[in-house]
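Student: Before I ask anything, let me first share the structure, which is written out below as structure tokens.
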Amino acid sequence: MSPKTTEMYYLVISIEIKNHMRTREKSTLEQYRSITARLLSSVEKLGNPPTPENVRQHVEHLVPLRGYAWLRLVKASLVEHYSQNNNPDGIELIGSISSENSKRKDLKTSASKKKSITPAQLEKLRAHFKANVDNSKNIKPIIALVEATLIAGLRPSEWAFAKLIKSSEVPSELISIFSDYSGDYPALLVENAKATNGRSFGKYRIIDLSGLDINAMSFINLALIYSQKYRTTNSDWDAFYQTIRCSLYNLIKAHLPSLKGVSLYTFRHQCIANLKLHYSPAEVAVMVGHGNDLTASEHYGKRKSGTGTSDLIKPNEADIPRVRQILSSKLSKRIFSDSHEEIPNA
């Protein structure tokens with residue numbers, strides 16, 4: 001291994017440890033500890049010391065019997081364990097476990113969900129909404145969440161705690177959050193649902209809504225009203241969301257079978273695809289709460305699926321450097337991955 005590659009190897013190991021030491025939800029950490037404890041115990045019951053190598057072999061033996069999602073959770077748990085113990089060799093060994101032979105059935109649900117909706121399909125859905133707006137108690141909040149998500153791209157759970165700030169007279173408790181806001185008003189303050197473990201650039205994002213017309217703003221307001229009515233407790237919100245999610249599913253199944261696979265997340269994907277026609281990847285990332293513009297570029301709504309719209313949200317330019325900083329770390333990891341075969345010779 002060249003001196004430059006060796007230097008990069010240790011740099012990335014350091015980054016890797018720091019990344020996995022980032023704040024996680026308490027419940028997630030407890031789940032990780034439980035999974036790790038069971039795995040280490042299983043290795044010991046087989047008569048082997050629970051070394052990283054023995055743990056890796058045990059997990060690899062189980063891979064063909066388990067699903068892809070199980071493997072991801074196990075790897076995350078073990079990486080957290082070895083990160084806490086400053087064991088980069090353990091991190092490397094666990095990271096090398098391949099998912100190639102894992103059962104893939106658990107990917108079918110996600111894969112079957114549509115990542116975009118065409119203008120013709122959207123009009124078909126809207127026509128059904130219009131014809132049945134008074135026929136179901138759930139259809140109005142469905143309409144509000146569908147249209148507002150198509151405009152602003154929030155994750156479904158983010159609507160419950162989003163706040164609409166109508167003017168530059170920001171409430172005193174929010175002044176620190178808006179201290180580096182570079183946009184106009186009205187603005188939407190969103191608590192990033194995936195802000196732990198470096199999956200977003202911060203706890204909050206601010207979306208500039210000043211370019212929206214009165215109809216688009218009406219949908220934003222309605223989505224906030226319906227969602228926040230049920231945000232008193234997490235269980236209330238979860239019950240409301242499940243009701244809306246199931247109602248949309250049943251509506252499509254019964255009346256619009258050609259739209260099978262459309263969910264609330266479809267409209268987040270479509271919003272991202274639309275934004276890509278007008279903004280850079282970094283600008284899209286800060287508007288939709290991604291940690292870096294690689295996420296927005298590679299895993300969400302494809303630009304080719306985007307449709308033109310005059311109702312465009314705007315990014316908070318001050319957040320873009322944060323996205324770039326996380327991107328630099330991601331790219332460093334990729335360099336590490338590309339040179340992975342050289343590492344054993346170091």
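Going through the structure tokens in order, the chains are called A, B, and so on, while each chain numbers its residues from 1 and the ligands are numbered from 1 in the order shown.
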Find the spatial neighbours of Lys260 of chain A, counting only C-alpha atoms, within a cut-off of 10 Å - ignore same-chain residues fewer than 6 positions away - and output them as a list in words.

Tutor: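 Counting only C-alpha atoms, the residues come to Ser112, Lys113, Lys114, Tyr249, Ile252 and Lys253 of chain A.
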
Student: Just the selected residues (all heavy atoms), exported as a tab-separated table (two decimals), in the first residue's frame, please.

Tutor:
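Result written to result37.tsv:
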chain	number	residue	atom	x	y	z
A	112	SER	N	-42.04	-2.63	-4.46
A	112	SER	CA	-43.33	-2.55	-5.15
A	112	SER	C	-43.95	-1.16	-5.05
A	112	SER	O	-44.93	-0.87	-5.74
A	112	SER	CB	-44.30	-3.58	-4.56
A	112	SER	OG	-44.62	-3.26	-3.21
A	113	LYS	N	-43.39	-0.31	-4.21
A	113	LYS	CA	-43.94	1.04	-4.06
A	113	LYS	C	-43.41	1.94	-5.17
A	113	LYS	O	-42.23	1.94	-5.48
A	113	LYS	CB	-43.56	1.61	-2.69
A	113	LYS	CG	-44.26	0.89	-1.54
A	113	LYS	CD	-43.91	1.49	-0.21
A	113	LYS	CE	-44.65	0.79	0.92
A	113	LYS	NZ	-44.31	1.33	2.24
A	114	LYS	N	-44.33	2.71	-5.73
A	114	LYS	CA	-43.96	3.58	-6.84
A	114	LYS	C	-43.11	4.74	-6.36
A	114	LYS	O	-43.39	5.36	-5.34
A	114	LYS	CB	-45.22	4.09	-7.54
A	114	LYS	CG	-45.94	3.02	-8.35
A	114	LYS	CD	-47.07	3.65	-9.16
A	114	LYS	CE	-47.78	2.61	-10.01
A	114	LYS	NZ	-46.89	2.06	-11.06
A	249	TYR	N	-54.39	3.45	0.50
A	249	TYR	CA	-54.16	2.13	-0.09
A	249	TYR	C	-55.48	1.50	-0.53
A	249	TYR	O	-55.60	0.99	-1.65
A	249	TYR	CB	-53.46	1.23	0.93
A	249	TYR	CG	-53.34	-0.22	0.50
A	249	TYR	CD1	-52.32	-0.64	-0.34
A	249	TYR	CD2	-54.28	-1.17	0.93
A	249	TYR	CE1	-52.22	-1.97	-0.74
A	249	TYR	CE2	-54.20	-2.49	0.53
A	249	TYR	CZ	-53.16	-2.89	-0.30
A	249	TYR	OH	-53.08	-4.21	-0.70
A	252	ILE	N	-57.08	3.28	-3.59
A	252	ILE	CA	-56.43	2.91	-4.86
A	252	ILE	C	-56.77	1.48	-5.25
A	252	ILE	O	-57.06	1.18	-6.42
A	252	ILE	CB	-54.90	3.11	-4.73
A	252	ILE	CG1	-54.59	4.61	-4.68
A	252	ILE	CG2	-54.16	2.45	-5.91
A	252	ILE	CD1	-53.16	4.93	-4.36
A	253	LYS	N	-56.76	0.59	-4.29
A	253	LYS	CA	-57.06	-0.82	-4.58
A	253	LYS	C	-58.48	-0.99	-5.11
A	253	LYS	O	-58.72	-1.75	-6.07
A	253	LYS	CB	-56.88	-1.65	-3.31
A	253	LYS	CG	-57.11	-3.14	-3.53
A	253	LYS	CD	-56.86	-3.92	-2.23
A	253	LYS	CE	-57.09	-5.41	-2.45
A	253	LYS	NZ	-56.85	-6.18	-1.18

Student: Near Arg56 of chain A, within 7 Å and counting only C-alpha atoms, which residues show up once chain neighbours fewer than 3 positions away are dropped, as a PDB file with N, CA and C atoms, in the first residue's frame?

Tutor:
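Okay, this is what ended up in around.pdb:
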ATOM      1  N   PRO A  52     -14.109 -10.671  16.902  1.00  0.00           N
ATOM      2  CA  PRO A  52     -14.738 -10.143  15.678  1.00  0.00           C
ATOM      3  C   PRO A  52     -14.745 -11.147  14.528  1.00  0.00           C
ATOM      4  N   GLU A  53     -13.648 -11.915  14.383  1.00  0.00           N
ATOM      5  CA  GLU A  53     -13.583 -12.886  13.301  1.00  0.00           C
ATOM      6  C   GLU A  53     -14.612 -13.993  13.493  1.00  0.00           C
ATOM      7  N   VAL A  59     -22.224 -14.777  11.679  1.00  0.00           N
ATOM      8  CA  VAL A  59     -23.234 -14.010  10.941  1.00  0.00           C
ATOM      9  C   VAL A  59     -23.288 -14.481   9.492  1.00  0.00           C
ATOM     10  N   GLU A  60     -22.140 -14.697   8.881  1.00  0.00           N
ATOM     11  CA  GLU A  60     -22.114 -15.166   7.494  1.00  0.00           C
ATOM     12  C   GLU A  60     -22.808 -16.518   7.346  1.00  0.00           C
ATOM     13  N   LEU A  93     -14.160  -5.941   9.652  1.00  0.00           N
ATOM     14  CA  LEU A  93     -14.611  -7.317   9.445  1.00  0.00           C
ATOM     15  C   LEU A  93     -16.119  -7.388   9.238  1.00  0.00           C
ATOM     16  N   ILE A  94     -16.847  -6.667  10.069  1.00  0.00           N
ATOM     17  CA  ILE A  94     -18.309  -6.693   9.950  1.00  0.00           C
ATOM     18  C   ILE A  94     -18.748  -6.022   8.656  1.00  0.00           C
TER      19      ILE A  94
END

Student: Could you tell me which of A:Ala193, A:Leu264, A:Leu259, A:Ala273 comes closest to Cys246 of chain A if we count only C-alpha atoms?

Tutor: A:Leu264

Student: Taking into account only C-alpha atoms, which residue in the set A:Asp89, A:Leu125, A:Ser102, A:Arg33 is nearest to Arg66 of chain A?

Tutor: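 Distance minimum relative to Arg66 of chain A lands on A:Ser102.
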
Student: Which is closest to Phe178 of chain A among A:Ile207, A:Ala160, A:Ile143, A:Ile151, if we use only C-alpha atoms?

Tutor: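 Residue with the minimum atom-to-atom distance to Phe178 of chain A: A:Ile207.
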
Student: Using only C-alpha atoms, which of the listed residues (A:Asp238, A:Glu317, A:Glu158, A:Glu123) sits closest to Ser182 of chain A?

Tutor: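 The closest residue to Ser182 of chain A is A:Glu317.
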
Student: Hey, can you check how far atom CA of Gly153 of chain A sits from atom CA of Ile177 of chain A?

Tutor: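 Atom-to-atom, atom CA of Gly153 of chain A and atom CA of Ile177 of chain A are spaced 20.6 Å apart.
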
Student: Quick check, in Å to one decimal: how far apart do atom CA of Pro50 of chain A and atom CA of Ser99 of chain A lie?

Tutor: 21.6 Å

Student: What separation in Å, quoted to one decimal, exists between atom CA of Gly289 of chain A and atom CA of Leu164 of chain A?

Tutor: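 For atom CA of Gly289 of chain A relative to atom CA of Leu164 of chain A, the distance reads 16.7 Å.
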
Student: Could you pull out all residues of segment 93-240 of chain A with a DSSP call of alpha helix (DSSP H) and give them as a ChimeraX atom specification?

Tutor: /A:93-95,108-112,119-131,139-152,214-228,234-240

Student: Residues near Thr36 of chain A, anyone? I mean within 12 Å using only C-alpha atoms, not counting same-chain ones fewer than 4 positions away, as a list in words.

Tutor: Leu29, Glu30, Gln31, Tyr32, Leu40, Ser41, Ser42, Val43, Pro50, Pro52, Val55, Arg56, Val59, Leu73, Val74, Lys75, Ala76, Ser77, Leu78, Val79, Glu80, His81 and Tyr82 of chain A

Student: Store the residues of this selection in a file with N, CA, C and O atoms, as a PDB file, in the first residue's frame.

Tutor:
ATOM      1  N   LEU A  29     -30.241   2.451  20.236  1.00  0.00           N
ATOM      2  CA  LEU A  29     -29.064   1.928  20.920  1.00  0.00           C
ATOM      3  C   LEU A  29     -29.404   0.695  21.756  1.00  0.00           C
ATOM      4  O   LEU A  29     -28.649  -0.278  21.792  1.00  0.00           O
ATOM      5  N   GLU A  30     -30.552   0.745  22.428  1.00  0.00           N
ATOM      6  CA  GLU A  30     -30.972  -0.407  23.232  1.00  0.00           C
ATOM      7  C   GLU A  30     -31.204  -1.622  22.346  1.00  0.00           C
ATOM      8  O   GLU A  30     -30.844  -2.751  22.707  1.00  0.00           O
ATOM      9  N   GLN A  31     -31.813  -1.395  21.181  1.00  0.00           N
ATOM     10  CA  GLN A  31     -32.043  -2.495  20.242  1.00  0.00           C
ATOM     11  C   GLN A  31     -30.711  -3.063  19.758  1.00  0.00           C
ATOM     12  O   GLN A  31     -30.531  -4.285  19.685  1.00  0.00           O
ATOM     13  N   TYR A  32     -29.764  -2.185  19.430  1.00  0.00           N
ATOM     14  CA  TYR A  32     -28.448  -2.624  18.969  1.00  0.00           C
ATOM     15  C   TYR A  32     -27.740  -3.457  20.041  1.00  0.00           C
ATOM     16  O   TYR A  32     -27.131  -4.491  19.743  1.00  0.00           O
ATOM     17  N   LEU A  40     -23.219 -12.403  20.415  1.00  0.00           N
ATOM     18  CA  LEU A  40     -22.010 -12.794  21.147  1.00  0.00           C
ATOM     19  C   LEU A  40     -22.272 -14.038  21.983  1.00  0.00           C
ATOM     20  O   LEU A  40     -21.419 -14.934  22.077  1.00  0.00           O
ATOM     21  N   SER A  41     -23.461 -14.093  22.592  1.00  0.00           N
ATOM     22  CA  SER A  41     -23.834 -15.259  23.386  1.00  0.00           C
ATOM     23  C   SER A  41     -23.921 -16.509  22.511  1.00  0.00           C
ATOM     24  O   SER A  41     -23.483 -17.599  22.915  1.00  0.00           O
ATOM     25  N   SER A  42     -24.485 -16.352  21.297  1.00  0.00           N
ATOM     26  CA  SER A  42     -24.603 -17.492  20.377  1.00  0.00           C
ATOM     27  C   SER A  42     -23.240 -18.029  19.990  1.00  0.00           C
ATOM     28  O   SER A  42     -23.037 -19.255  19.890  1.00  0.00           O
ATOM     29  N   VAL A  43     -22.283 -17.134  19.763  1.00  0.00           N
ATOM     30  CA  VAL A  43     -20.929 -17.557  19.405  1.00  0.00           C
ATOM     31  C   VAL A  43     -20.299 -18.337  20.556  1.00  0.00           C
ATOM     32  O   VAL A  43     -19.659 -19.387  20.356  1.00  0.00           O
ATOM     33  N   PRO A  50     -15.912 -14.876  21.548  1.00  0.00           N
ATOM     34  CA  PRO A  50     -16.634 -13.918  20.692  1.00  0.00           C
ATOM     35  C   PRO A  50     -15.727 -12.856  20.074  1.00  0.00           C
ATOM     36  O   PRO A  50     -15.945 -11.657  20.239  1.00  0.00           O
ATOM     37  N   PRO A  52     -14.109 -10.671  16.902  1.00  0.00           N
ATOM     38  CA  PRO A  52     -14.738 -10.143  15.678  1.00  0.00           C
ATOM     39  C   PRO A  52     -14.745 -11.147  14.528  1.00  0.00           C
ATOM     40  O   PRO A  52     -15.727 -11.265  13.804  1.00  0.00           O
ATOM     41  N   VAL A  55     -17.367 -13.784  15.244  1.00  0.00           N
ATOM     42  CA  VAL A  55     -18.691 -13.181  15.084  1.00  0.00           C
ATOM     43  C   VAL A  55     -19.023 -13.042  13.599  1.00  0.00           C
ATOM     44  O   VAL A  55     -20.135 -13.339  13.156  1.00  0.00           O
ATOM     45  N   ARG A  56     -18.043 -12.575  12.817  1.00  0.00           N
ATOM     46  CA  ARG A  56     -18.262 -12.433  11.368  1.00  0.00           C
ATOM     47  C   ARG A  56     -18.624 -13.776  10.746  1.00  0.00           C
ATOM     48  O   ARG A  56     -19.570 -13.881   9.955  1.00  0.00           O
ATOM     49  N   VAL A  59     -22.224 -14.777  11.679  1.00  0.00           N
ATOM     50  CA  VAL A  59     -23.234 -14.010  10.941  1.00  0.00           C
ATOM     51  C   VAL A  59     -23.288 -14.481   9.492  1.00  0.00           C
ATOM     52  O   VAL A  59     -24.379 -14.658   8.919  1.00  0.00           O
ATOM     53  N   LEU A  73     -29.508  -4.695   9.972  1.00  0.00           N
ATOM     54  CA  LEU A  73     -29.666  -4.360  11.381  1.00  0.00           C
ATOM     55  C   LEU A  73     -28.544  -4.963  12.219  1.00  0.00           C
ATOM     56  O   LEU A  73     -27.988  -4.320  13.118  1.00  0.00           O
ATOM     57  N   VAL A  74     -28.182  -6.207  11.911  1.00  0.00           N
ATOM     58  CA  VAL A  74     -27.100  -6.873  12.633  1.00  0.00           C
ATOM     59  C   VAL A  74     -25.774  -6.159  12.400  1.00  0.00           C
ATOM     60  O   VAL A  74     -25.002  -5.914  13.345  1.00  0.00           O
ATOM     61  N   LYS A  75     -25.489  -5.796  11.159  1.00  0.00           N
ATOM     62  CA  LYS A  75     -24.235  -5.107  10.868  1.00  0.00           C
ATOM     63  C   LYS A  75     -24.175  -3.757  11.566  1.00  0.00           C
ATOM     64  O   LYS A  75     -23.143  -3.372  12.127  1.00  0.00           O
ATOM     65  N   ALA A  76     -25.295  -3.027  11.562  1.00  0.00           N
ATOM     66  CA  ALA A  76     -25.331  -1.730  12.245  1.00  0.00           C
ATOM     67  C   ALA A  76     -25.096  -1.907  13.743  1.00  0.00           C
ATOM     68  O   ALA A  76     -24.383  -1.114  14.375  1.00  0.00           O
ATOM     69  N   SER A  77     -25.673  -2.950  14.320  1.00  0.00           N
ATOM     70  CA  SER A  77     -25.524  -3.206  15.756  1.00  0.00           C
ATOM     71  C   SER A  77     -24.079  -3.526  16.110  1.00  0.00           C
ATOM     72  O   SER A  77     -23.523  -3.001  17.090  1.00  0.00           O
ATOM     73  N   LEU A  78     -23.461  -4.381  15.300  1.00  0.00           N
ATOM     74  CA  LEU A  78     -22.086  -4.781  15.579  1.00  0.00           C
ATOM     75  C   LEU A  78     -21.094  -3.649  15.328  1.00  0.00           C
ATOM     76  O   LEU A  78     -20.126  -3.474  16.081  1.00  0.00           O
ATOM     77  N   VAL A  79     -21.324  -2.872  14.281  1.00  0.00           N
ATOM     78  CA  VAL A  79     -20.456  -1.717  14.019  1.00  0.00           C
ATOM     79  C   VAL A  79     -20.541  -0.726  15.178  1.00  0.00           C
ATOM     80  O   VAL A  79     -19.531  -0.169  15.617  1.00  0.00           O
ATOM     81  N   GLU A  80     -21.745  -0.510  15.694  1.00  0.00           N
ATOM     82  CA  GLU A  80     -21.904   0.363  16.866  1.00  0.00           C
ATOM     83  C   GLU A  80     -21.120  -0.198  18.052  1.00  0.00           C
ATOM     84  O   GLU A  80     -20.427   0.542  18.761  1.00  0.00           O
ATOM     85  N   HIS A  81     -21.223  -1.495  18.249  1.00  0.00           N
ATOM     86  CA  HIS A  81     -20.516  -2.148  19.363  1.00  0.00           C
ATOM     87  C   HIS A  81     -19.002  -1.963  19.238  1.00  0.00           C
ATOM     88  O   HIS A  81     -18.332  -1.562  20.204  1.00  0.00           O
ATOM     89  N   TYR A  82     -18.461  -2.231  18.049  1.00  0.00           N
ATOM     90  CA  TYR A  82     -17.016  -2.120  17.879  1.00  0.00           C
ATOM     91  C   TYR A  82     -16.555  -0.662  17.840  1.00  0.00           C
ATOM     92  O   TYR A  82     -15.409  -0.364  18.203  1.00  0.00           O
TER      93      TYR A  82
END
